[in-house]
2 protein chains.
Amino acid sequence: MNDVTTLLKSHRSIRKFSDQPVDQETINTIVACGQAAASSSNGQATTVIQINDTDSRQKLAELAGNQAYIASAGAFLVFCADLNRSAIACEQQGGELSPGMTEQFIIATVDVALFAQNCVIAAESRGLGICYIGALRNNPAEVTTLLELPQNVYPVFGLCIGYPEQDPEIKPRLPLDAVLMQDKYNAESITPAITAYDEHLRAYYLSRTGGKKDSCWSEEMLTLVGKERRAHMREFLHAQGFTLR
Amino acid sequence: MNDVTTLLKSHRSIRKFSDQPVDQETINTIVACGQAAASSSNGQATTVIQINDTDSRQKLAELAGNQAYIASAGAFLVFCADLNRSAIACEQQGGELSPGMTEQFIIATVDVALFAQNCVIAAESRGLGICYIGALRNNPAEVTTLLELPQNVYPVFGLCIGYPEQDPEIKPRLPLDAVLMQDKYNAESITPAITAYDEHLRAYYLSRTGGKKDSCWSEEMLTLVGKERRAHMREFLHAQGFTLR
């Protein structure tokens with residue numbers, strides 16, 4: 001196992017940070033590492049907005065379900081899928097954005113995630129901790145207004161970065177053979193994998209919380225996919241130009 | 001600059017691979033590194049299908065615009081966004097998938113991309129080269145049939161992995177200050193950044209091709225966002241259960 005493998009496998013989300021700020025040079029290096037990730041047809045559909053203003057941080061923390069570490073982390077970045085820049089480039093050549101295509105939405109969203117994960121690895125390699133904030137999508141229209149995002153740009157998620165003041169355990173994952181299949185989708189592997197993982201995750205939660213958290217993966221999935229979640233997303237995206245046609 | 005930063009910044013896509021196969025233990029380690037990436041609400045919505053069968057490789061290469069290296073790379077993985085597994089888990093608890101939500105589509109697509117980028121970093125840290133294959137979305141229905149993907153699963157992209165037999169230059173990116181903004185979206189930075197980058201990229205192409213390729217970013221964006229691209233994606237996704245409501 002090489003050092004990079006060790007680094008990648010040691011990831012856990014950090015939700016408690018020290019007061020130590022993250023200097024701008026470090027942020028610049030981290031974001032430059034993000035830029036180095038692959039990008040579909042070189043579209044580079046990622047824009048990162050670094051939030052320094054205290055009021056904006058506080059407001060974003062509230063909009064994202066009162067997650068206080070958004071305000072207190074050394075740095076907070078908002079990762080936006082940005083087709084505005086390529087639309088302007090296209091116009092400079094006498095063209096026009098073909099608006100709202102589902103495919104371009106996928107391209108931009110994937111670009112952002114690849115970019116962000118490179119930032120995460122760069123940050124963690126420096127001893128920094130991170131936490132992705134998907135809850136920016138709780139109130140995406142308010143986030144969009146606050147950050148003055150133009151049409152064809154949407155906030156995909158936020159990222160807290162800072163020096164960790166906690167050392168949580170690494171969360172166990174699904175068994176590898178449930179996730180890596182050979183040649184075809186192996187539908188028969190699913191149920192035994194869920195059973196095994198439910199047991200594993202329950203034991204992990206019980207041990208980590210001294211018996212207080214008695215839950216498992218399939219129970220968590222009731223909430224994740226068994227409910228209408230962020231049902232405003234379609235309408236928000238439409239208004240932002242992503243009509244997903 | 002630490003070693004990981006150097007590794008991240010040295011990425012370039014590889015499209016010519018040696019005959020040397022990538023052994024299964026290496027693939028397992030790479031995919032385990034993917035599993036370690038953050039996952040929204042621990043949904044783990046990624047399934048990787050490793051394609052070993054020669055005929056399937058050939059077929060996928062044809063479906064993805066005749067990219068021969070899909071057949072010849074040491075390994076080829078198809079990264080799928082998978083809500084089928086969490087739906088089954090949910091059913092085991094007496095629940096039911098709330099189908100077709102746009103938000104769950106975003107969650108699953110982002111999960112896949114974070115997972116895949118960890119795989120890429122793990123592969124590149126071992127001297128392997130990679131190339132993402134977005135062109136699997138040229139014919140997603142045929143890919144879905146070939147891999148026997150169930151409802152609520154879709155192929156997001158493929159990934160070639162192998163030992164490089166070429167050493168291409170690193171492609172220059174947009175200026176950092178066009179991509180990293182402070183506190184608000186800086187609309188005024190866009191046009192100057194495009195002008196600067198157009199010039200930079202044109203010089204890079206001319207030098208790399210001995211004067212043959214005379215193009216720039218804004219010209220490329222005419223093709224990427226100025227045309228209806230993969231206009232079948234919406235209908236394909238709907239048929240697969242992702243109605244994006």
# chains A, B, ... in the order shown; residues from 1 in each chain; ligands from 1
>>> residues_around(residues="Glu96 in chain B", least_positions_apart="5", cutoff="6 Å", atoms="only C-alpha atoms", output="list in words")
Gly226 of chain A; Cys90 and Glu91 of chain B
>>> residues_around(residues="range 109-111 of chain B", least_positions_apart="5", cutoff="10 Å", atoms="only C-alpha atoms", output="NGL selection string")
(:A and (106 or 109-114 or 156-157)) or (:B and (34-35 or 37-40 or 42-46 or 79-82 or 103-104 or 116 or 154-156))
>>> residues_around(residues="Ala231 in chain B", least_positions_apart="4", cutoff="8 Å", atoms="only C-alpha atoms", output="list in words")
Met101, Thr102, Glu103 and Arg245 of chain A
>>> closest_residue(among="A:Leu206, A:Ala71, A:Leu147, A:Cys160", to="chain B", atoms="only C-alpha atoms")
A:Leu147
>>> closest_residue(among="B:Gln50, B:Ser41, B:Gln151, B:Asn84", to="Gly134 in chain A", atoms="only C-alpha atoms")
B:Ser41
>>> select_by_dssp(residues="range 16-205 of chain B", states="helix (DSSP H, G or I)", output="ChimeraX atom specification")
/B:24-35,40-42,54-63,69-72,84-92,102-125,134-138,140-146,176-179,187-205
>>> atom_distance(atom1="CA of Asp3 in chain A", atom2="CA of Ala36 in chain B")
14.6 Å
>>> closest_residue(among="A:Ser218, A:Gln182, A:Asn2, A:Ser189", to="Ser56 in chain B", atoms="only C-alpha atoms")
A:Gln182
